[in-house]
>>> print(open('data15.pdb').read())   # PDB, C-alpha atoms and all ligand atoms
ATOM      1  CA  MET H   1       0.000   0.000   0.000
ATOM      2  CA  ILE H   2       1.265   3.448  -0.866
ATOM      3  CA  LYS H   3       1.190   5.844   2.101
ATOM      4  CA  VAL H   4      -0.401   9.117   1.005
ATOM      5  CA  LEU H   5      -0.698  12.456   2.790
ATOM      6  CA  VAL H   6      -2.990  15.162   1.388
ATOM      7  CA  ASN H   7      -2.013  18.817   1.867
ATOM      8  CA  GLY H   8      -4.840  21.346   1.529
ATOM      9  CA  ALA H   9      -7.210  18.670   2.824
ATOM     10  CA  LYS H  10      -9.817  21.175   4.021
ATOM     11  CA  GLY H  11     -10.190  22.629   0.538
ATOM     12  CA  ARG H  12     -12.507  21.626  -2.314
ATOM     13  CA  MET H  13      -9.932  19.580  -4.212
ATOM     14  CA  GLY H  14      -7.988  18.339  -1.179
ATOM     15  CA  SER H  15     -11.063  16.966   0.615
ATOM     16  CA  LEU H  16     -12.158  15.128  -2.524
ATOM     17  CA  VAL H  17      -8.654  13.694  -3.018
ATOM     18  CA  ALA H  18      -8.611  12.517   0.626
ATOM     19  CA  SER H  19     -11.926  10.673   0.267
ATOM     20  CA  THR H  20     -10.839   9.221  -3.103
ATOM     21  CA  VAL H  21      -7.593   7.927  -1.572
ATOM     22  CA  ARG H  22      -9.583   6.421   1.316
ATOM     23  CA  GLY H  23     -11.709   4.544  -1.227
ATOM     24  CA  ASP H  24      -8.750   2.938  -3.023
ATOM     25  CA  SER H  25      -7.607  -0.325  -1.452
ATOM     26  CA  SER H  26      -4.057   0.033  -2.816
ATOM     27  CA  LEU H  27      -3.554   3.357  -1.001
ATOM     28  CA  GLN H  28      -3.389   4.302   2.658
ATOM     29  CA  LEU H  29      -4.295   7.833   3.739
ATOM     30  CA  VAL H  30      -1.744   8.570   6.472
ATOM     31  CA  GLY H  31      -2.339  12.269   6.946
ATOM     32  CA  GLU H  32      -4.412  15.359   6.090
ATOM     33  CA  THR H  33      -2.795  18.758   6.512
ATOM     34  CA  ASP H  34      -3.866  22.322   5.816
ATOM     35  CA  LEU H  35      -2.890  25.911   6.561
ATOM     36  CA  GLY H  36      -1.110  26.186   9.926
ATOM     37  CA  ASP H  37       0.173  22.585  10.025
ATOM     38  CA  ASP H  38       3.900  21.786  10.003
ATOM     39  CA  LEU H  39       3.987  19.948   6.673
ATOM     40  CA  ARG H  40       7.531  18.630   7.034
ATOM     41  CA  ALA H  41       6.944  17.278  10.552
ATOM     42  CA  ARG H  42       3.677  15.635   9.538
ATOM     43  CA  ILE H  43       5.251  13.935   6.489
ATOM     44  CA  LEU H  44       8.078  12.567   8.636
ATOM     45  CA  ALA H  45       5.762  11.442  11.457
ATOM     46  CA  ALA H  46       3.395   9.669   9.054
ATOM     47  CA  GLN H  47       6.234   8.282   6.906
ATOM     48  CA  ALA H  48       4.249   9.426   3.873
ATOM     49  CA  GLU H  49       5.633   8.206   0.558
ATOM     50  CA  VAL H  50       3.495  10.441  -1.673
ATOM     51  CA  VAL H  51       2.148  13.889  -0.794
ATOM     52  CA  VAL H  52      -0.668  15.362  -2.867
ATOM     53  CA  ASP H  53      -0.822  19.169  -2.772
ATOM     54  CA  PHE H  54      -3.888  21.217  -3.746
ATOM     55  CA  THR H  55      -3.358  24.457  -1.833
ATOM     56  CA  HIS H  56      -2.644  27.988  -3.064
ATOM     57  CA  PRO H  57      -0.441  29.350  -5.880
ATOM     58  CA  ASP H  58       1.578  31.415  -3.361
ATOM     59  CA  ALA H  59       2.500  28.288  -1.376
ATOM     60  CA  ALA H  60       2.890  25.688  -4.124
ATOM     61  CA  ALA H  61       6.627  25.992  -4.815
ATOM     62  CA  LYS H  62       7.590  26.082  -1.127
ATOM     63  CA  ASN H  63       5.330  23.104  -0.357
ATOM     64  CA  THR H  64       6.852  21.072  -3.211
ATOM     65  CA  GLU H  65      10.333  21.815  -1.888
ATOM     66  CA  ILE H  66       9.311  20.760   1.656
ATOM     67  CA  ILE H  67       7.817  17.513   0.301
ATOM     68  CA  PHE H  68      11.062  16.679  -1.522
ATOM     69  CA  GLN H  69      13.213  17.636   1.492
ATOM     70  CA  ALA H  70      11.071  15.472   3.781
ATOM     71  CA  GLY H  71      11.798  12.419   1.612
ATOM     72  CA  ALA H  72       8.413  12.025  -0.139
ATOM     73  CA  HIS H  73       7.270  12.192  -3.774
ATOM     74  CA  PRO H  74       5.139  15.264  -4.591
ATOM     75  CA  VAL H  75       1.977  15.070  -6.717
ATOM     76  CA  VAL H  76       1.011  18.710  -7.102
ATOM     77  CA  GLY H  77      -2.181  20.059  -8.640
ATOM     78  CA  THR H  78      -1.846  23.587  -7.308
ATOM     79  CA  THR H  79      -1.606  26.026 -10.191
ATOM     80  CA  GLY H  80       0.469  29.162 -10.693
ATOM     81  CA  PHE H  81       4.060  27.884 -10.861
ATOM     82  CA  LYS H  82       6.560  30.229 -12.507
ATOM     83  CA  PRO H  83       8.900  28.600 -15.079
ATOM     84  CA  GLU H  84      11.949  29.427 -12.931
ATOM     85  CA  GLU H  85      10.321  27.732  -9.910
ATOM     86  CA  ILE H  86       9.711  24.569 -11.932
ATOM     87  CA  GLN H  87      13.299  24.593 -13.143
ATOM     88  CA  ARG H  88      14.653  25.026  -9.611
ATOM     89  CA  LEU H  89      12.475  22.175  -8.324
ATOM     90  CA  GLN H  90      13.510  19.944 -11.229
ATOM     91  CA  GLU H  91      17.146  20.554 -10.310
ATOM     92  CA  LEU H  92      16.358  19.663  -6.694
ATOM     93  CA  ALA H  93      14.567  16.454  -7.782
ATOM     94  CA  SER H  94      17.485  15.338  -9.913
ATOM     95  CA  ARG H  95      19.958  16.097  -7.093
ATOM     96  CA  LEU H  96      17.841  13.934  -4.777
ATOM     97  CA  GLY H  97      17.225  11.322  -7.489
ATOM     98  CA  ARG H  98      13.494  11.332  -6.738
ATOM     99  CA  GLY H  99      10.391  11.452  -8.909
ATOM    100  CA  GLY H 100       7.580  13.983  -8.676
ATOM    101  CA  LEU H 101       4.756  15.391 -10.768
ATOM    102  CA  ILE H 102       3.250  18.856 -11.113
ATOM    103  CA  ALA H 103       0.144  18.860 -13.294
ATOM    104  CA  PRO H 104      -1.855  22.038 -13.909
ATOM    105  CA  ASN H 105      -4.677  19.829 -15.202
ATOM    106  CA  PHE H 106      -5.378  16.329 -13.887
ATOM    107  CA  ALA H 107      -8.362  15.657 -16.192
ATOM    108  CA  ILE H 108      -7.226  12.834 -18.492
ATOM    109  CA  GLY H 109      -9.909  13.834 -21.020
ATOM    110  CA  VAL H 110      -8.390  17.310 -21.358
ATOM    111  CA  ILE H 111      -4.972  15.868 -22.174
ATOM    112  CA  LEU H 112      -6.543  13.547 -24.756
ATOM    113  CA  MET H 113      -8.522  16.436 -26.275
ATOM    114  CA  MET H 114      -5.307  18.451 -26.702
ATOM    115  CA  LYS H 115      -3.440  15.460 -28.099
ATOM    116  CA  PHE H 116      -6.225  14.553 -30.577
ATOM    117  CA  ALA H 117      -6.557  18.198 -31.664
ATOM    118  CA  ALA H 118      -2.816  18.436 -32.318
ATOM    119  CA  GLU H 119      -2.900  15.212 -34.344
ATOM    120  CA  ALA H 120      -5.959  16.330 -36.327
ATOM    121  CA  ALA H 121      -4.370  19.726 -37.073
ATOM    122  CA  ARG H 122      -1.785  18.026 -39.305
ATOM    123  CA  TYR H 123      -4.637  17.171 -41.691
ATOM    124  CA  PHE H 124      -7.058  19.998 -40.788
ATOM    125  CA  PRO H 125      -4.757  23.037 -40.432
ATOM    126  CA  ASP H 126      -7.670  25.531 -40.350
ATOM    127  CA  LEU H 127      -8.981  25.605 -36.825
ATOM    128  CA  GLU H 128     -10.232  27.754 -33.997
ATOM    129  CA  ILE H 129     -10.538  27.154 -30.248
ATOM    130  CA  ILE H 130     -13.558  28.010 -28.126
ATOM    131  CA  GLU H 131     -13.153  27.683 -24.368
ATOM    132  CA  LEU H 132     -16.166  28.100 -22.092
ATOM    133  CA  HIS H 133     -15.991  28.538 -18.303
ATOM    134  CA  HIS H 134     -18.073  29.711 -15.324
ATOM    135  CA  ASN H 135     -18.089  33.478 -14.862
ATOM    136  CA  GLN H 136     -15.966  33.406 -11.664
ATOM    137  CA  LYS H 137     -12.846  32.410 -13.587
ATOM    138  CA  ALA H 138     -10.163  35.069 -13.061
ATOM    139  CA  ASP H 139      -8.165  34.659 -16.277
ATOM    140  CA  ALA H 140      -8.879  34.475 -19.997
ATOM    141  CA  PRO H 141      -8.069  32.619 -22.119
ATOM    142  CA  SER H 142      -7.728  29.465 -20.031
ATOM    143  CA  GLY H 143      -4.310  27.863 -19.568
ATOM    144  CA  THR H 144      -5.693  24.814 -21.366
ATOM    145  CA  ALA H 145      -6.589  26.869 -24.451
ATOM    146  CA  ILE H 146      -3.084  28.334 -24.579
ATOM    147  CA  LYS H 147      -1.512  24.917 -24.147
ATOM    148  CA  THR H 148      -3.759  23.465 -26.858
ATOM    149  CA  ALA H 149      -2.622  26.183 -29.282
ATOM    150  CA  GLU H 150       1.014  25.491 -28.382
ATOM    151  CA  TRP H 151       0.634  21.731 -28.915
ATOM    152  CA  ILE H 152      -1.043  22.360 -32.272
ATOM    153  CA  HIS H 153       1.671  24.817 -33.235
ATOM    154  CA  ALA H 154       4.324  22.159 -32.514
ATOM    155  CA  LYS H 155       2.613  19.679 -34.862
ATOM    156  CA  ARG H 156       1.357  21.907 -37.672
ATOM    157  CA  ASP H 157       3.094  24.242 -40.085
ATOM    158  CA  GLN H 158       2.780  27.954 -39.317
ATOM    159  CA  LYS H 159      -0.436  29.118 -40.987
ATOM    160  CA  PRO H 160      -2.253  32.445 -41.359
ATOM    161  CA  GLN H 161      -5.401  31.434 -39.645
ATOM    162  CA  GLY H 162      -9.120  31.685 -39.837
ATOM    163  CA  SER H 163      -9.956  34.711 -41.939
ATOM    164  CA  LEU H 164      -9.179  36.565 -45.119
ATOM    165  CA  VAL H 165      -6.302  38.997 -44.769
ATOM    166  CA  HIS H 166      -8.515  41.973 -45.585
ATOM    167  CA  GLU H 167     -11.470  40.881 -43.481
ATOM    168  CA  LYS H 168     -13.196  43.926 -42.012
ATOM    169  CA  GLN H 169     -14.043  43.611 -38.337
ATOM    170  CA  THR H 170     -16.763  46.076 -37.376
ATOM    171  CA  ILE H 171     -16.547  45.160 -33.667
ATOM    172  CA  PRO H 172     -12.989  45.032 -32.206
ATOM    173  CA  GLY H 173     -12.118  41.606 -30.837
ATOM    174  CA  VAL H 174     -14.990  39.862 -32.577
ATOM    175  CA  ARG H 175     -12.641  37.291 -34.112
ATOM    176  CA  GLY H 176     -11.144  36.361 -30.729
ATOM    177  CA  GLY H 177      -7.586  36.609 -29.456
ATOM    178  CA  ARG H 178      -4.627  34.844 -31.048
ATOM    179  CA  CYS H 179      -2.076  32.383 -29.722
ATOM    180  CA  GLN H 180       0.431  31.065 -32.259
ATOM    181  CA  GLU H 181      -1.909  32.660 -34.857
ATOM    182  CA  ILE H 182      -4.761  30.394 -33.723
ATOM    183  CA  PRO H 183      -7.958  32.264 -32.785
ATOM    184  CA  ILE H 184      -9.159  31.605 -29.236
ATOM    185  CA  HIS H 185     -12.643  32.622 -28.129
ATOM    186  CA  SER H 186     -13.381  32.779 -24.387
ATOM    187  CA  VAL H 187     -16.964  32.458 -23.149
ATOM    188  CA  ARG H 188     -17.803  33.209 -19.490
ATOM    189  CA  LEU H 189     -21.284  32.324 -18.266
ATOM    190  CA  PRO H 190     -22.941  31.152 -15.057
ATOM    191  CA  GLY H 191     -23.963  27.509 -15.254
ATOM    192  CA  MET H 192     -20.812  26.468 -17.065
ATOM    193  CA  VAL H 193     -17.982  24.516 -15.446
ATOM    194  CA  ALA H 194     -14.959  24.019 -17.780
ATOM    195  CA  HIS H 195     -15.410  23.174 -21.455
ATOM    196  CA  GLN H 196     -13.371  23.433 -24.622
ATOM    197  CA  GLU H 197     -13.994  22.833 -28.304
ATOM    198  CA  VAL H 198     -11.439  22.704 -31.073
ATOM    199  CA  LEU H 199     -13.201  23.310 -34.389
ATOM    200  CA  LEU H 200     -11.334  22.026 -37.441
ATOM    201  CA  GLY H 201     -12.619  22.935 -40.884
ATOM    202  CA  GLY H 202     -11.830  21.015 -44.059
ATOM    203  CA  GLN H 203     -13.087  20.807 -47.617
ATOM    204  CA  GLY H 204     -16.609  19.380 -47.463
ATOM    205  CA  GLN H 205     -16.105  18.183 -43.900
ATOM    206  CA  PHE H 206     -15.853  19.527 -40.392
ATOM    207  CA  LEU H 207     -14.403  17.999 -37.232
ATOM    208  CA  THR H 208     -15.169  19.060 -33.651
ATOM    209  CA  ILE H 209     -13.169  17.809 -30.662
ATOM    210  CA  ARG H 210     -14.796  18.749 -27.374
ATOM    211  CA  HIS H 211     -14.179  18.100 -23.694
ATOM    212  CA  ASP H 212     -16.613  18.887 -20.883
ATOM    213  CA  ALA H 213     -15.546  18.875 -17.246
ATOM    214  CA  LEU H 214     -18.796  18.521 -15.316
ATOM    215  CA  SER H 215     -17.480  18.297 -11.749
ATOM    216  CA  ARG H 216     -14.239  18.040  -9.734
ATOM    217  CA  GLU H 217     -14.585  14.242  -9.910
ATOM    218  CA  CYS H 218     -13.077  14.475 -13.396
ATOM    219  CA  TYR H 219      -9.637  15.114 -11.858
ATOM    220  CA  MET H 220      -9.613  12.053  -9.589
ATOM    221  CA  PRO H 221      -8.568   9.303 -12.056
ATOM    222  CA  GLY H 222      -5.581  11.441 -13.075
ATOM    223  CA  VAL H 223      -4.626  12.103  -9.439
ATOM    224  CA  LEU H 224      -4.856   8.378  -8.575
ATOM    225  CA  LEU H 225      -2.763   7.456 -11.604
ATOM    226  CA  ALA H 226      -0.123  10.003 -10.588
ATOM    227  CA  ILE H 227      -0.011   8.721  -6.986
ATOM    228  CA  LYS H 228       0.566   5.181  -8.284
ATOM    229  CA  ARG H 229       3.200   6.132 -10.871
ATOM    230  CA  VAL H 230       5.138   8.930  -9.220
ATOM    231  CA  LYS H 231       7.589   6.692  -7.367
ATOM    232  CA  GLY H 232       8.771   5.271 -10.704
ATOM    233  CA  LEU H 233       9.374   8.658 -12.352
ATOM    234  CA  LYS H 234      12.855   9.874 -13.064
ATOM    235  CA  GLY H 235      12.916  13.448 -11.833
ATOM    236  CA  LEU H 236      10.150  16.033 -11.572
ATOM    237  CA  MET H 237       7.724  16.011 -14.528
ATOM    238  CA  TYR H 238       5.483  18.929 -15.486
ATOM    239  CA  GLY H 239       2.164  17.889 -17.048
ATOM    240  CA  LEU H 240      -0.026  14.804 -16.732
ATOM    241  CA  GLU H 241       0.804  13.859 -20.341
ATOM    242  CA  ASN H 242       4.215  12.682 -19.107
ATOM    243  CA  ILE H 243       2.666   9.696 -17.323
ATOM    244  CA  LEU H 244      -0.098   8.799 -19.802
ATOM    245  CA  GLU H 245       2.068   6.883 -22.283
ATOM    246  CA  LEU H 246       0.380   8.583 -25.244
TER
HETATM  247  N1  LIG R 301      -4.427  20.516 -11.388
HETATM  248  C1  LIG R 301      -5.757  20.435 -11.491
HETATM  249  O1  LIG R 301      -6.309  19.610 -12.240
HETATM  250  C2  LIG R 301      -6.586  21.365 -10.645
HETATM  251  C3  LIG R 301      -7.976  21.225 -10.587
HETATM  252  C4  LIG R 301      -8.685  22.071  -9.750
HETATM  253  C5  LIG R 301      -8.027  23.043  -8.987
HETATM  254  N2  LIG R 301      -6.686  23.151  -9.100
HETATM  255  C6  LIG R 301      -5.905  24.096  -8.276
HETATM  256  O2  LIG R 301      -5.778  23.558  -6.958
HETATM  257  C7  LIG R 301      -5.634  24.611  -6.011
HETATM  258  C8  LIG R 301      -6.657  24.444  -4.900
HETATM  259  O3  LIG R 301      -7.960  24.577  -5.436
HETATM  260  P1  LIG R 301      -9.252  24.411  -4.515
HETATM  261  O4  LIG R 301     -10.431  24.717  -5.372
HETATM  262  O5  LIG R 301      -9.212  23.119  -3.774
HETATM  263  O6  LIG R 301      -9.019  25.605  -3.482
HETATM  264  P2  LIG R 301      -9.613  25.757  -2.019
HETATM  265  O7  LIG R 301      -9.454  27.197  -1.667
HETATM  266  O8  LIG R 301     -10.952  25.137  -1.907
HETATM  267  O9  LIG R 301      -8.630  24.878  -1.091
HETATM  268  C9  LIG R 301      -7.304  25.202  -0.830
HETATM  269  C10 LIG R 301      -6.954  24.660   0.553
HETATM  270  O10 LIG R 301      -5.559  24.829   0.755
HETATM  271  C11 LIG R 301      -5.360  25.376   2.036
HETATM  272  N3  LIG R 301      -4.087  26.099   2.012
HETATM  273  C12 LIG R 301      -3.803  27.331   1.510
HETATM  274  N4  LIG R 301      -2.516  27.615   1.665
HETATM  275  C13 LIG R 301      -1.947  26.544   2.278
HETATM  276  C14 LIG R 301      -0.647  26.238   2.699
HETATM  277  N5  LIG R 301       0.359  27.104   2.551
HETATM  278  N6  LIG R 301      -0.412  25.030   3.266
HETATM  279  C15 LIG R 301      -1.416  24.146   3.437
HETATM  280  N7  LIG R 301      -2.693  24.377   3.058
HETATM  281  C16 LIG R 301      -2.952  25.578   2.487
HETATM  282  C17 LIG R 301      -6.566  26.262   2.298
HETATM  283  O11 LIG R 301      -6.732  26.472   3.698
HETATM  284  C18 LIG R 301      -7.675  25.396   1.696
HETATM  285  O12 LIG R 301      -8.187  24.463   2.643
HETATM  286  C19 LIG R 301      -5.740  25.899  -6.823
HETATM  287  O13 LIG R 301      -4.456  26.348  -7.181
HETATM  288  C20 LIG R 301      -6.515  25.464  -8.075
HETATM  289  O14 LIG R 301      -6.268  26.292  -9.187
HETATM  290  C21 LIG R 301      -5.950  22.340  -9.911
END
>>> encode(input="data15.pdb", output="structure tokens")
Amino acid sequence: MIKVLVNGAKGRMGSLVASTVRGDSSLQLVGETDLGDDLRARILAAQAEVVVDFTHPDAAAKNTEIIFQAGAHPVVGTTGFKPEEIQRLQELASRLGRGGLIAPNFAIGVILMMKFAAEAARYFPDLEIIELHHNQKADAPSGTAIKTAEWIHAKRDQKPQGSLVHEKQTIPGVRGGRCQEIPIHSVRLPGMVAHQEVLLGGQGQFLTIRHDALSRECYMPGVLLAIKRVKGLKGLMYGLENILEL
């Protein structure tokens, strides 16, 4: 049984991870910590092998460092890492010779949607992205939309995208924003959770690849997979795609 401690266990994600770990017979929940707890001391006392962190962007890098220093493998879902923080933590992981995973999105379906869109873009280079989220979301476009555009860009030739060069736009912004020349349209409405469509147009045919996250449950299979695979990783990986064997 893998001994798991959940940090941020009083939060929305952390409490769900704790109950999901409890329900898996191959895992043992050995601790739940939150703001005010001594994370290092609790990891050592519980002899936790894997620590899952869903806390706050301001604390994520420090927590990951503490988890490594305390001898455990981090599985981190907290968002907001700066590239230099990831690099520093990757150097620490390789010095310690220990595996870890930071994944800004644990929904396996989202990773597949990005992967399928990037594959399809080789044959359907004309495409646009629509991402739709609840109206409390602080940023636009979503990190997933940006990452999708970057994955597509890596697979597809550079291409002037989506409209005629001399298209007249009578309302500024009506054709969306651009990432790697790919138009991204952000919709924010109450009632939505997290959704994304990649629309690919071809001659006489049209392909839509869509993912809908309906609740936080969608992240749990990815978190469980990470907990079970993290001990075998070489170094600190960034992104769930690194453990999906795609
Ligand atoms: N990777 C993913 O797939 C994914 C999915 C959903 C949310 N998130 C991210 O996970 C994080 C948490 O989201 P949430 O909705 O559960 O938030 P939340 O506010 O419901 O919970 C966060 C919890 O962390 C605790 N906390 C804050 N700072 C802490 C610290 N320094 N040490 C220990 N505990 C601390 C808070 O007290 C709270 O209980 C956010 O960064 C969010 O963007 C990631």
>>> resolve_selection(input="data15.pdb", expression="the PyMOL selection byres (((not hetatm)) within 9 of (chain R and resi 301))", output="PyMOL selection string")
chain H and resi 7-16+33-39+53-60+62-63+76-80+102-107+216+218-220+222-223+240
>>> resolve_selection(input="data15.pdb", expression="the PyMOL selection byres (((chain H and resi 67) around 12) and not hetatm)", output="ChimeraX atom specification")
/H:4-7,38-44,47-53,60-66,68-76,89,92-93,96,98-101
>>> closest_atom_pairs(input="data15.pdb", of="range 57-122 of chain H", to="range 138-151 of chain H", cutoff="10 Å", atoms="only C-alpha atoms", output="CSV")
residue,atom,partner,partner_atom,distance
H:Thr79,CA,H:Gly143,CA,9.9
H:Pro104,CA,H:Gly143,CA,8.5
H:Asn105,CA,H:Thr144,CA,8.0
H:Val110,CA,H:Thr144,CA,8.0
H:Ile111,CA,H:Thr148,CA,9.0
H:Met113,CA,H:Thr148,CA,8.5
H:Met114,CA,H:Thr148,CA,5.2
H:Lys115,CA,H:Trp151,CA,7.5
H:Phe116,CA,H:Thr148,CA,10.0
H:Ala117,CA,H:Thr148,CA,7.7
H:Ala118,CA,H:Trp151,CA,5.9
H:Glu119,CA,H:Trp151,CA,9.2
H:Ala121,CA,H:Trp151,CA,9.8
>>> atom_distance(input="data15.pdb", atom1="CA of Ile2 in chain H", atom2="CA of Ser26 in chain H")
6.6 Å
>>> closest_residue(input="data15.pdb", among="H:Ala46, H:Met192, H:Ile86, H:Val17", to="Lys3 in chain H", atoms="only C-alpha atoms")
H:Ala46
>>> closest_residue(input="data15.pdb", among="H:Leu244, H:Lys159, H:Ile130, H:His153", to="Val198 in chain H", atoms="all atoms listed in the file")
H:Ile130
>>> atom_distance(input="data15.pdb", atom1="CA of His134 in chain H", atom2="CA of Val187 in chain H")
8.4 Å
>>> atom_distance(input="data15.pdb", atom1="CA of Glu167 in chain H", atom2="CA of Pro183 in chain H")
14.2 Å
>>> closest_residue(input="data15.pdb", among="H:Gln90, H:Ala154, H:Leu132, H:Ala45", to="Gly235 in chain H", atoms="only C-alpha atoms")
H:Gln90
>>> residues_near_point(input="data15.pdb", point="(-17.2, 18.5, -36.2)", cutoff="12 Å", atoms="all atoms listed in the file", output="VMD selection string")
chain H and resid 117 120 124 127 to 128 197 to 202 204 to 210
>>> closest_residue(input="data15.pdb", among="H:His133, H:Lys234, H:Lys228, H:Arg88", to="His211 in chain H", atoms="all atoms listed in the file")
H:His133
>>> closest_residue(input="data15.pdb", among="H:Pro83, H:Leu189, H:Gln136, H:Ile108", to="Glu245 in chain H", atoms="all atoms listed in the file")
H:Ile108
>>> closest_residue(input="data15.pdb", among="H:Gly109, H:Gly31, H:Pro221, H:Gly176", to="Ile129 in chain H", atoms="only C-alpha atoms")
H:Gly176
>>> axis_aligned_box(input="data15.pdb", around="range 189-203 of chain H", padding_each_side="6 Å", output="lines of an AutoDock Vina configuration file")
center_x = -17.6
center_y = 26.6
center_z = -31.3
size_x = 24.6
size_y = 23.5
size_z = 44.6
